[in-house]
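Q: Pasting a structure below so you can have a look.
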Amino acid sequence: MATKLYDLSVPVGFMTPGWMAQARPDRWLERCLRHEGGIAPGESRQVAIFWGGWHTGTHVDGPTHHVHGGVTADKMPLDSFYGTGVVVDFRYMKKWDVVTAKDLENAKPKIEPGDIVLMNTGWHHYWRVNDYAYYSYYPGLYTEAGEWLLKKKVKMMGGTWGATDHPLAHFPLRRYYPWLYEEYVKETGKDPDKEFPDYEPCHQIFATNMIPAIENVGGDIDKVTGKRCIIAAFPFKFADQGHMVRVVAIVEE
């Protein structure tokens, strides 16, 4: 049986949007032509320097992202980032929908204990097309879903969204992101600080239980949605809170 690899990562480059669609001009590549050690013209080599944050593009949040003094991602066992998993289809969800325990229970393929779980909301199609919609409107996880995944003992999780938690799960939203607070009130007539009283609960759940959480999954995820496959996303061997990763689905076809 043939094996095929699928890249589930988004492209990163100059002015890649950061959290809440704020482009960071410090994310750029400095390309240098060097003529060192007597290298003659035509024999020069090109090198590049990247200036930017680890939490850029497709990246994994390590435990220390939310646990002070916790383990950094590079110290976690490699098998934490590799194994059998499922890519489930949540593309039926709409703006600001919340993933529930029922959604996870009914997901296809069925989520089994110990799985790596990637969730396709379809929101990756907004990446670099409408960055504001990508970061502000995606359907996402909240406390109930985080607790369900923890009880299921998932090995790693991720999704096609701007963050592991729902975009409104930043209590008090009125203070942190007042423009988003006002937009939600105007559109729904509801107070998001009453609807989402927990601050980044899924970040907390996964970080305290050593479950890697991948944000900004995308690429060819539509091609493997609904499949059970091998999933890999290894972090850099560098002690920090998070790392850019290249997520790969390995499918037997």
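Identifiers in this document derive from the order of the structure tokens: chains are assigned A, B, ..., residues are numbered from 1 separately in each chain, and ligands are numbered from 1 in order of occurrence.
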Could you build a table of the residues in region 120-149 of chain A lying no more than 9 Å from region 80-90 of chain A, giving for each the nearest pair of atoms and their separation in Å rounded to one decimal place, using only C-alpha atoms, ordered by chain and ascending residue number, as JSON lines?

A:
```
{"residue": "A:Asn120", "atom": "CA", "partner": "A:Asp89", "partner_atom": "CA", "distance": 5.3}
{"residue": "A:Thr121", "atom": "CA", "partner": "A:Phe90", "partner_atom": "CA", "distance": 4.6}
{"residue": "A:Gly122", "atom": "CA", "partner": "A:Phe90", "partner_atom": "CA", "distance": 7.5}
{"residue": "A:Pro139", "atom": "CA", "partner": "A:Phe90", "partner_atom": "CA", "distance": 8.7}
```

Q: Could you pull out the strand (DSSP E or B) residues of region 10-228 of chain A, going by DSSP on the backbone, and write them as an mmCIF file with all heavy atoms, in the first residue's frame?

A:
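New file selection_17.cif:
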```cif
data_model
loop_
_atom_site.group_PDB
_atom_site.id
_atom_site.type_symbol
_atom_site.label_atom_id
_atom_site.label_comp_id
_atom_site.auth_asym_id
_atom_site.auth_seq_id
_atom_site.Cartn_x
_atom_site.Cartn_y
_atom_site.Cartn_z
ATOM 1 N N PRO A 17 0.380 37.696 9.637
ATOM 2 C CA PRO A 17 -0.473 38.248 10.694
ATOM 3 C C PRO A 17 -0.279 37.520 12.018
ATOM 4 O O PRO A 17 -0.078 36.314 12.059
ATOM 5 C CB PRO A 17 -1.893 38.035 10.153
ATOM 6 C CG PRO A 17 -1.757 36.878 9.217
ATOM 7 C CD PRO A 17 -0.405 37.038 8.593
ATOM 8 N N ALA A 23 -0.562 42.508 12.006
ATOM 9 C CA ALA A 23 0.667 42.167 11.291
ATOM 10 C C ALA A 23 1.863 42.737 12.042
ATOM 11 O O ALA A 23 1.833 43.867 12.512
ATOM 12 C CB ALA A 23 0.624 42.720 9.876
ATOM 13 N N TRP A 28 10.337 39.134 9.526
ATOM 14 C CA TRP A 28 10.847 39.252 8.177
ATOM 15 C C TRP A 28 12.149 38.487 8.047
ATOM 16 O O TRP A 28 12.771 38.112 9.022
ATOM 17 C CB TRP A 28 11.048 40.708 7.787
ATOM 18 C CG TRP A 28 11.925 41.494 8.710
ATOM 19 C CD1 TRP A 28 11.633 41.904 9.977
ATOM 20 C CD2 TRP A 28 13.248 41.979 8.448
ATOM 21 N NE1 TRP A 28 12.667 42.598 10.523
ATOM 22 C CE2 TRP A 28 13.677 42.659 9.610
ATOM 23 C CE3 TRP A 28 14.101 41.901 7.356
ATOM 24 C CZ2 TRP A 28 14.921 43.263 9.697
ATOM 25 C CZ3 TRP A 28 15.342 42.515 7.451
ATOM 26 C CH2 TRP A 28 15.734 43.189 8.602
ATOM 27 N N LEU A 29 12.545 38.296 6.815
ATOM 28 C CA LEU A 29 13.797 37.606 6.523
ATOM 29 C C LEU A 29 14.821 38.599 5.998
ATOM 30 O O LEU A 29 14.524 39.380 5.095
ATOM 31 C CB LEU A 29 13.579 36.510 5.477
ATOM 32 C CG LEU A 29 12.841 35.256 5.936
ATOM 33 C CD1 LEU A 29 12.618 34.346 4.733
ATOM 34 C CD2 LEU A 29 13.624 34.516 6.998
ATOM 35 N N GLU A 30 15.987 38.574 6.609
ATOM 36 C CA GLU A 30 17.093 39.376 6.106
ATOM 37 C C GLU A 30 18.013 38.437 5.325
ATOM 38 O O GLU A 30 18.602 37.519 5.893
ATOM 39 C CB GLU A 30 17.863 40.021 7.257
ATOM 40 C CG GLU A 30 19.076 40.803 6.806
ATOM 41 C CD GLU A 30 19.890 41.318 7.974
ATOM 42 O OE1 GLU A 30 19.382 41.274 9.115
ATOM 43 O OE2 GLU A 30 21.030 41.747 7.750
ATOM 44 N N ARG A 31 18.083 38.633 4.038
ATOM 45 C CA ARG A 31 18.923 37.779 3.205
ATOM 46 C C ARG A 31 20.253 38.477 2.940
ATOM 47 O O ARG A 31 20.281 39.640 2.561
ATOM 48 C CB ARG A 31 18.225 37.449 1.884
ATOM 49 C CG ARG A 31 16.989 36.569 2.093
ATOM 50 C CD ARG A 31 16.366 36.146 0.773
ATOM 51 N NE ARG A 31 15.288 35.197 0.998
ATOM 52 C CZ ARG A 31 14.022 35.547 1.245
ATOM 53 N NH1 ARG A 31 13.713 36.811 1.313
ATOM 54 N NH2 ARG A 31 13.102 34.628 1.443
ATOM 55 N N CYS A 32 21.317 37.770 3.176
ATOM 56 C CA CYS A 32 22.643 38.358 3.070
ATOM 57 C C CYS A 32 23.503 37.550 2.106
ATOM 58 O O CYS A 32 23.537 36.322 2.170
ATOM 59 C CB CYS A 32 23.338 38.375 4.443
ATOM 60 S SG CYS A 32 22.334 39.081 5.761
ATOM 61 N N LEU A 33 24.212 38.251 1.235
ATOM 62 C CA LEU A 33 25.225 37.623 0.391
ATOM 63 C C LEU A 33 26.575 37.841 1.059
ATOM 64 O O LEU A 33 26.938 38.975 1.354
ATOM 65 C CB LEU A 33 25.218 38.235 -1.016
ATOM 66 C CG LEU A 33 24.074 37.809 -1.926
ATOM 67 C CD1 LEU A 33 24.134 38.596 -3.233
ATOM 68 C CD2 LEU A 33 24.123 36.321 -2.221
ATOM 69 N N ARG A 34 27.261 36.768 1.312
ATOM 70 C CA ARG A 34 28.533 36.875 2.029
ATOM 71 C C ARG A 34 29.700 36.416 1.160
ATOM 72 O O ARG A 34 29.614 35.430 0.452
ATOM 73 C CB ARG A 34 28.477 36.057 3.322
ATOM 74 C CG ARG A 34 27.448 36.594 4.312
ATOM 75 C CD ARG A 34 27.514 35.876 5.632
ATOM 76 N NE ARG A 34 26.584 36.475 6.581
ATOM 77 C CZ ARG A 34 26.398 36.029 7.827
ATOM 78 N NH1 ARG A 34 27.090 34.990 8.265
ATOM 79 N NH2 ARG A 34 25.542 36.621 8.622
ATOM 80 N N ARG A 45 27.746 32.693 -0.902
ATOM 81 C CA ARG A 45 26.624 31.917 -0.393
ATOM 82 C C ARG A 45 25.596 32.878 0.208
ATOM 83 O O ARG A 45 25.951 33.941 0.706
ATOM 84 C CB ARG A 45 27.083 30.909 0.661
ATOM 85 C CG ARG A 45 27.693 31.512 1.910
ATOM 86 C CD ARG A 45 28.223 30.414 2.817
ATOM 87 N NE ARG A 45 28.790 30.932 4.044
ATOM 88 C CZ ARG A 45 30.051 31.365 4.171
ATOM 89 N NH1 ARG A 45 30.859 31.348 3.127
ATOM 90 N NH2 ARG A 45 30.488 31.823 5.328
ATOM 91 N N GLN A 46 24.345 32.471 0.160
ATOM 92 C CA GLN A 46 23.265 33.297 0.683
ATOM 93 C C GLN A 46 22.755 32.700 1.988
ATOM 94 O O GLN A 46 22.532 31.488 2.077
ATOM 95 C CB GLN A 46 22.123 33.383 -0.333
ATOM 96 C CG GLN A 46 20.987 34.283 0.120
ATOM 97 C CD GLN A 46 19.964 34.517 -0.965
ATOM 98 O OE1 GLN A 46 19.811 35.616 -1.464
ATOM 99 N NE2 GLN A 46 19.259 33.463 -1.345
ATOM 100 N N VAL A 47 22.596 33.547 2.989
ATOM 101 C CA VAL A 47 22.045 33.109 4.263
ATOM 102 C C VAL A 47 20.870 34.021 4.607
ATOM 103 O O VAL A 47 20.705 35.082 4.017
ATOM 104 C CB VAL A 47 23.099 33.155 5.396
ATOM 105 C CG1 VAL A 47 24.236 32.206 5.098
ATOM 106 C CG2 VAL A 47 23.615 34.576 5.615
ATOM 107 N N ALA A 48 20.051 33.586 5.546
ATOM 108 C CA ALA A 48 18.882 34.379 5.932
ATOM 109 C C ALA A 48 18.752 34.420 7.442
ATOM 110 O O ALA A 48 19.072 33.455 8.136
ATOM 111 C CB ALA A 48 17.620 33.788 5.306
ATOM 112 N N ILE A 49 18.288 35.546 7.943
ATOM 113 C CA ILE A 49 18.044 35.722 9.378
ATOM 114 C C ILE A 49 16.561 36.017 9.556
ATOM 115 O O ILE A 49 16.012 36.913 8.913
ATOM 116 C CB ILE A 49 18.881 36.881 9.940
ATOM 117 C CG1 ILE A 49 20.377 36.621 9.714
ATOM 118 C CG2 ILE A 49 18.595 37.072 11.427
ATOM 119 C CD1 ILE A 49 21.257 37.806 10.044
ATOM 120 N N PHE A 50 15.905 35.258 10.415
ATOM 121 C CA PHE A 50 14.482 35.466 10.679
ATOM 122 C C PHE A 50 14.312 36.247 11.970
ATOM 123 O O PHE A 50 14.848 35.873 13.003
ATOM 124 C CB PHE A 50 13.749 34.125 10.798
ATOM 125 C CG PHE A 50 12.309 34.273 11.224
ATOM 126 C CD1 PHE A 50 11.345 34.674 10.312
ATOM 127 C CD2 PHE A 50 11.923 34.023 12.534
ATOM 128 C CE1 PHE A 50 10.023 34.813 10.694
ATOM 129 C CE2 PHE A 50 10.592 34.157 12.919
ATOM 130 C CZ PHE A 50 9.644 34.555 11.997
ATOM 131 N N TRP A 51 13.551 37.325 11.890
ATOM 132 C CA TRP A 51 13.239 38.117 13.074
ATOM 133 C C TRP A 51 11.744 37.964 13.349
ATOM 134 O O TRP A 51 10.914 38.344 12.530
ATOM 135 C CB TRP A 51 13.555 39.597 12.831
ATOM 136 C CG TRP A 51 14.985 39.861 12.526
ATOM 137 C CD1 TRP A 51 15.588 39.796 11.309
ATOM 138 C CD2 TRP A 51 16.002 40.206 13.461
ATOM 139 N NE1 TRP A 51 16.917 40.094 11.421
ATOM 140 C CE2 TRP A 51 17.209 40.356 12.729
ATOM 141 C CE3 TRP A 51 16.030 40.412 14.843
ATOM 142 C CZ2 TRP A 51 18.405 40.700 13.331
ATOM 143 C CZ3 TRP A 51 17.220 40.769 15.438
ATOM 144 C CH2 TRP A 51 18.401 40.902 14.687
ATOM 145 N N HIS A 59 1.908 26.671 14.661
ATOM 146 C CA HIS A 59 2.830 26.505 15.784
ATOM 147 C C HIS A 59 2.177 25.708 16.905
ATOM 148 O O HIS A 59 0.955 25.582 16.973
ATOM 149 C CB HIS A 59 3.299 27.857 16.326
ATOM 150 C CG HIS A 59 2.199 28.678 16.938
ATOM 151 N ND1 HIS A 59 1.364 29.482 16.187
ATOM 152 C CD2 HIS A 59 1.788 28.802 18.223
ATOM 153 C CE1 HIS A 59 0.495 30.080 16.989
ATOM 154 N NE2 HIS A 59 0.720 29.678 18.232
ATOM 155 N N VAL A 60 3.014 25.160 17.754
ATOM 156 C CA VAL A 60 2.533 24.392 18.899
ATOM 157 C C VAL A 60 2.797 25.179 20.176
ATOM 158 O O VAL A 60 3.856 25.781 20.348
ATOM 159 C CB VAL A 60 3.205 22.997 18.969
ATOM 160 C CG1 VAL A 60 4.708 23.118 19.160
ATOM 161 C CG2 VAL A 60 2.589 22.140 20.076
ATOM 162 N N ASP A 61 1.800 25.201 21.051
ATOM 163 C CA ASP A 61 1.961 25.820 22.364
ATOM 164 C C ASP A 61 2.492 24.778 23.333
ATOM 165 O O ASP A 61 1.870 23.726 23.530
ATOM 166 C CB ASP A 61 0.618 26.343 22.888
ATOM 167 C CG ASP A 61 0.152 27.586 22.156
ATOM 168 O OD1 ASP A 61 0.986 28.210 21.466
ATOM 169 O OD2 ASP A 61 -1.034 27.935 22.280
ATOM 170 N N TYR A 82 3.754 12.780 17.746
ATOM 171 C CA TYR A 82 3.661 11.824 16.631
ATOM 172 C C TYR A 82 2.759 10.675 17.033
ATOM 173 O O TYR A 82 2.835 10.155 18.158
ATOM 174 C CB TYR A 82 5.056 11.284 16.300
ATOM 175 C CG TYR A 82 5.083 10.228 15.216
ATOM 176 C CD1 TYR A 82 5.190 10.587 13.880
ATOM 177 C CD2 TYR A 82 4.999 8.868 15.539
ATOM 178 C CE1 TYR A 82 5.229 9.615 12.878
ATOM 179 C CE2 TYR A 82 5.031 7.895 14.552
ATOM 180 C CZ TYR A 82 5.147 8.277 13.220
ATOM 181 O OH TYR A 82 5.169 7.323 12.247
ATOM 182 N N GLY A 83 1.886 10.279 16.119
ATOM 183 C CA GLY A 83 1.058 9.115 16.415
ATOM 184 C C GLY A 83 -0.177 9.039 15.539
ATOM 185 O O GLY A 83 -0.367 9.828 14.607
ATOM 186 N N THR A 84 -1.021 8.088 15.858
ATOM 187 C CA THR A 84 -2.268 7.890 15.120
ATOM 188 C C THR A 84 -3.281 8.951 15.519
ATOM 189 O O THR A 84 -3.395 9.314 16.695
ATOM 190 C CB THR A 84 -2.845 6.496 15.423
ATOM 191 O OG1 THR A 84 -1.895 5.504 15.066
ATOM 192 C CG2 THR A 84 -4.132 6.270 14.632
ATOM 193 N N GLY A 85 -3.984 9.446 14.531
ATOM 194 C CA GLY A 85 -4.973 10.463 14.837
ATOM 195 C C GLY A 85 -6.075 10.552 13.811
ATOM 196 O O GLY A 85 -6.139 9.755 12.858
ATOM 197 N N VAL A 86 -6.942 11.538 14.008
ATOM 198 C CA VAL A 86 -8.076 11.752 13.118
ATOM 199 C C VAL A 86 -8.157 13.230 12.749
ATOM 200 O O VAL A 86 -7.776 14.105 13.527
ATOM 201 C CB VAL A 86 -9.402 11.312 13.768
ATOM 202 C CG1 VAL A 86 -9.458 9.805 13.913
ATOM 203 C CG2 VAL A 86 -9.602 11.977 15.123
ATOM 204 N N VAL A 87 -8.647 13.480 11.550
ATOM 205 C CA VAL A 87 -8.919 14.841 11.105
ATOM 206 C C VAL A 87 -10.432 14.944 10.953
ATOM 207 O O VAL A 87 -11.005 14.365 10.024
ATOM 208 C CB VAL A 87 -8.207 15.161 9.778
ATOM 209 C CG1 VAL A 87 -8.448 16.622 9.402
ATOM 210 C CG2 VAL A 87 -6.715 14.863 9.880
ATOM 211 N N VAL A 88 -11.075 15.627 11.878
ATOM 212 C CA VAL A 88 -12.539 15.638 11.916
ATOM 213 C C VAL A 88 -13.087 16.887 11.235
ATOM 214 O O VAL A 88 -12.436 17.943 11.188
ATOM 215 C CB VAL A 88 -13.064 15.530 13.363
ATOM 216 C CG1 VAL A 88 -12.637 14.204 13.973
ATOM 217 C CG2 VAL A 88 -12.581 16.683 14.220
ATOM 218 N N ASP A 89 -14.294 16.761 10.721
ATOM 219 C CA ASP A 89 -14.906 17.793 9.888
ATOM 220 C C ASP A 89 -15.866 18.667 10.686
ATOM 221 O O ASP A 89 -16.966 18.242 11.036
ATOM 222 C CB ASP A 89 -15.646 17.123 8.727
ATOM 223 C CG ASP A 89 -16.023 18.109 7.636
ATOM 224 O OD1 ASP A 89 -15.862 19.321 7.848
ATOM 225 O OD2 ASP A 89 -16.468 17.650 6.566
ATOM 226 N N VAL A 98 -19.601 27.445 18.935
ATOM 227 C CA VAL A 98 -18.787 26.813 19.973
ATOM 228 C C VAL A 98 -18.806 25.305 19.776
ATOM 229 O O VAL A 98 -19.885 24.697 19.656
ATOM 230 C CB VAL A 98 -19.310 27.164 21.379
ATOM 231 C CG1 VAL A 98 -18.481 26.464 22.448
ATOM 232 C CG2 VAL A 98 -19.277 28.676 21.596
ATOM 233 N N VAL A 99 -17.629 24.696 19.717
ATOM 234 C CA VAL A 99 -17.525 23.236 19.624
ATOM 235 C C VAL A 99 -17.966 22.638 20.957
ATOM 236 O O VAL A 99 -17.430 22.991 22.013
ATOM 237 C CB VAL A 99 -16.082 22.805 19.307
ATOM 238 C CG1 VAL A 99 -15.981 21.282 19.275
ATOM 239 C CG2 VAL A 99 -15.622 23.397 17.978
ATOM 240 N N ILE A 116 -4.410 11.666 18.339
ATOM 241 C CA ILE A 116 -4.132 13.050 17.997
ATOM 242 C C ILE A 116 -5.364 13.535 17.235
ATOM 243 O O ILE A 116 -5.858 12.832 16.344
ATOM 244 C CB ILE A 116 -2.876 13.173 17.124
ATOM 245 C CG1 ILE A 116 -1.626 12.793 17.929
ATOM 246 C CG2 ILE A 116 -2.728 14.594 16.572
ATOM 247 C CD1 ILE A 116 -0.362 12.715 17.109
ATOM 248 N N VAL A 117 -5.883 14.702 17.600
ATOM 249 C CA VAL A 117 -7.128 15.188 16.994
ATOM 250 C C VAL A 117 -6.899 16.546 16.347
ATOM 251 O O VAL A 117 -6.512 17.508 17.015
ATOM 252 C CB VAL A 117 -8.249 15.302 18.047
ATOM 253 C CG1 VAL A 117 -9.542 15.779 17.382
ATOM 254 C CG2 VAL A 117 -8.471 13.967 18.753
ATOM 255 N N LEU A 118 -7.126 16.614 15.041
ATOM 256 C CA LEU A 118 -7.102 17.877 14.318
ATOM 257 C C LEU A 118 -8.515 18.194 13.859
ATOM 258 O O LEU A 118 -9.211 17.320 13.337
ATOM 259 C CB LEU A 118 -6.162 17.802 13.108
ATOM 260 C CG LEU A 118 -4.687 17.516 13.406
ATOM 261 C CD1 LEU A 118 -3.886 17.511 12.108
ATOM 262 C CD2 LEU A 118 -4.104 18.529 14.386
ATOM 263 N N MET A 119 -8.922 19.437 14.045
ATOM 264 C CA MET A 119 -10.287 19.843 13.727
ATOM 265 C C MET A 119 -10.290 20.849 12.574
ATOM 266 O O MET A 119 -9.634 21.885 12.647
ATOM 267 C CB MET A 119 -10.943 20.435 14.981
ATOM 268 C CG MET A 119 -11.227 19.374 16.036
ATOM 269 S SD MET A 119 -11.443 20.035 17.715
ATOM 270 C CE MET A 119 -9.808 19.748 18.389
ATOM 271 N N ASN A 120 -11.013 20.528 11.523
ATOM 272 C CA ASN A 120 -11.086 21.383 10.338
ATOM 273 C C ASN A 120 -12.379 22.193 10.377
ATOM 274 O O ASN A 120 -13.466 21.665 10.152
ATOM 275 C CB ASN A 120 -11.027 20.537 9.068
ATOM 276 C CG ASN A 120 -11.011 21.387 7.810
ATOM 277 O OD1 ASN A 120 -11.031 22.613 7.865
ATOM 278 N ND2 ASN A 120 -10.973 20.729 6.655
ATOM 279 N N GLY A 140 -14.848 27.880 17.702
ATOM 280 C CA GLY A 140 -13.734 27.355 18.490
ATOM 281 C C GLY A 140 -14.136 26.591 19.725
ATOM 282 O O GLY A 140 -15.325 26.373 20.023
ATOM 283 N N LEU A 141 -13.114 26.192 20.469
ATOM 284 C CA LEU A 141 -13.286 25.387 21.671
ATOM 285 C C LEU A 141 -13.539 26.276 22.888
ATOM 286 O O LEU A 141 -13.073 27.402 22.968
ATOM 287 C CB LEU A 141 -12.030 24.552 21.940
ATOM 288 C CG LEU A 141 -11.531 23.612 20.848
ATOM 289 C CD1 LEU A 141 -10.255 22.918 21.317
ATOM 290 C CD2 LEU A 141 -12.594 22.588 20.495
ATOM 291 N N MET A 156 -2.413 14.839 21.397
ATOM 292 C CA MET A 156 -2.137 16.173 20.865
ATOM 293 C C MET A 156 -3.387 16.628 20.147
ATOM 294 O O MET A 156 -4.195 15.817 19.687
ATOM 295 C CB MET A 156 -0.932 16.127 19.912
ATOM 296 C CG MET A 156 -0.525 17.471 19.323
ATOM 297 S SD MET A 156 1.112 17.422 18.507
ATOM 298 C CE MET A 156 0.779 16.308 17.121
ATOM 299 N N MET A 157 -3.585 17.941 20.054
ATOM 300 C CA MET A 157 -4.771 18.437 19.361
ATOM 301 C C MET A 157 -4.414 19.709 18.606
ATOM 302 O O MET A 157 -3.382 20.340 18.848
ATOM 303 C CB MET A 157 -5.916 18.684 20.355
ATOM 304 C CG MET A 157 -5.645 19.681 21.473
ATOM 305 S SD MET A 157 -5.556 21.417 21.004
ATOM 306 C CE MET A 157 -7.185 21.632 20.286
ATOM 307 N N GLY A 158 -5.273 20.080 17.681
ATOM 308 C CA GLY A 158 -5.066 21.312 16.943
ATOM 309 C C GLY A 158 -6.247 21.598 16.047
ATOM 310 O O GLY A 158 -7.170 20.788 15.921
ATOM 311 N N GLY A 159 -6.222 22.785 15.426
ATOM 312 C CA GLY A 159 -7.333 23.126 14.567
ATOM 313 C C GLY A 159 -7.024 24.268 13.629
ATOM 314 O O GLY A 159 -6.004 24.949 13.749
ATOM 315 N N ASP A 165 -8.400 28.458 22.052
ATOM 316 C CA ASP A 165 -9.691 28.821 22.624
ATOM 317 C C ASP A 165 -10.492 29.694 21.662
ATOM 318 O O ASP A 165 -9.941 30.367 20.782
ATOM 319 C CB ASP A 165 -9.492 29.583 23.936
ATOM 320 C CG ASP A 165 -9.196 28.656 25.107
ATOM 321 O OD1 ASP A 165 -10.144 28.023 25.617
ATOM 322 O OD2 ASP A 165 -8.020 28.545 25.491
ATOM 323 N N ALA A 213 -0.791 21.713 21.907
ATOM 324 C CA ALA A 213 -1.922 22.308 21.205
ATOM 325 C C ALA A 213 -1.407 23.085 20.003
ATOM 326 O O ALA A 213 -0.609 24.014 20.148
ATOM 327 C CB ALA A 213 -2.706 23.225 22.136
ATOM 328 N N ILE A 214 -1.853 22.714 18.804
ATOM 329 C CA ILE A 214 -1.379 23.334 17.575
ATOM 330 C C ILE A 214 -2.400 24.353 17.068
ATOM 331 O O ILE A 214 -3.589 24.048 16.942
ATOM 332 C CB ILE A 214 -1.132 22.291 16.473
ATOM 333 C CG1 ILE A 214 -0.226 21.173 16.991
ATOM 334 C CG2 ILE A 214 -0.510 22.942 15.244
ATOM 335 C CD1 ILE A 214 -0.107 20.014 16.036
ATOM 336 N N GLU A 215 -1.924 25.543 16.774
ATOM 337 C CA GLU A 215 -2.775 26.600 16.244
ATOM 338 C C GLU A 215 -2.405 26.891 14.782
ATOM 339 O O GLU A 215 -1.289 26.650 14.354
ATOM 340 C CB GLU A 215 -2.615 27.868 17.083
ATOM 341 C CG GLU A 215 -3.046 27.661 18.529
ATOM 342 C CD GLU A 215 -2.790 28.846 19.425
ATOM 343 O OE1 GLU A 215 -1.962 29.713 19.071
ATOM 344 O OE2 GLU A 215 -3.413 28.906 20.507
ATOM 345 N N VAL A 217 -3.534 25.493 11.952
ATOM 346 C CA VAL A 217 -3.408 24.357 11.045
ATOM 347 C C VAL A 217 -4.098 24.737 9.732
ATOM 348 O O VAL A 217 -5.050 25.522 9.715
ATOM 349 C CB VAL A 217 -4.054 23.095 11.650
ATOM 350 C CG1 VAL A 217 -3.952 21.911 10.700
ATOM 351 C CG2 VAL A 217 -3.400 22.760 12.989
ATOM 352 N N ARG A 228 -8.499 8.754 9.146
ATOM 353 C CA ARG A 228 -7.626 8.354 10.251
ATOM 354 C C ARG A 228 -6.249 8.143 9.647
ATOM 355 O O ARG A 228 -6.106 7.486 8.619
ATOM 356 C CB ARG A 228 -8.144 7.076 10.920
ATOM 357 C CG ARG A 228 -7.223 6.507 12.003
ATOM 358 C CD ARG A 228 -7.921 5.430 12.811
ATOM 359 N NE ARG A 228 -8.933 6.020 13.676
ATOM 360 C CZ ARG A 228 -8.672 6.566 14.867
ATOM 361 N NH1 ARG A 228 -7.416 6.598 15.316
ATOM 362 N NH2 ARG A 228 -9.635 7.072 15.601
#
```

Q: At a cut-off of 9 Å, using only C-alpha atoms, what residues contact region 202-211 of chain A? Leave out same-chain residues fewer than 4 positions from it and give the result as a list in words.

A: Asp61, Gly62, Pro63, Thr64, His65, His66, Val67, Gly70, Val71, Met76, Ser80, Leu141, Tyr142, Thr143, Glu144, Ala145, Gly146, Glu147, Leu150, Lys153, Val154, Lys155, Met156, Met157, Ala163, Thr164, Asp165 and His166 of chain A

Q: Excluding same-chain residues fewer than 2 positions from Ala107 (chain A), what lies within 9 Å of it counting only C-alpha atoms, as a ChimeraX atom specification?

A: /A:88-90,102-105,109-111,226

Q: For Thr72 (chain A), which residue among A:Arg174, A:Gly189, A:Pro11, A:Pro235 is the nearest when counting only C-alpha atoms?

A: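 Closest candidate: A:Pro235.
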
Q: CA of Trp123 (chain A) and CA of Trp179 (chain A), how far apart in Å?

A: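 A separation of 20.8 Å between them.
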
Q: Can you check which residues of region 90-130 of chain A DSSP gives as alpha helix (DSSP H) on the backbone and send them as a list in words?

A: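 Matching residues, listed in order: Ala101, Lys102, Asp103, Leu104 and Glu105 of chain A.
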
Q: Do you have the CA of Tyr92 (chain A)-CA of Glu112 (chain A) distance handy?

A: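 These atoms are spaced 21.8 Å apart.
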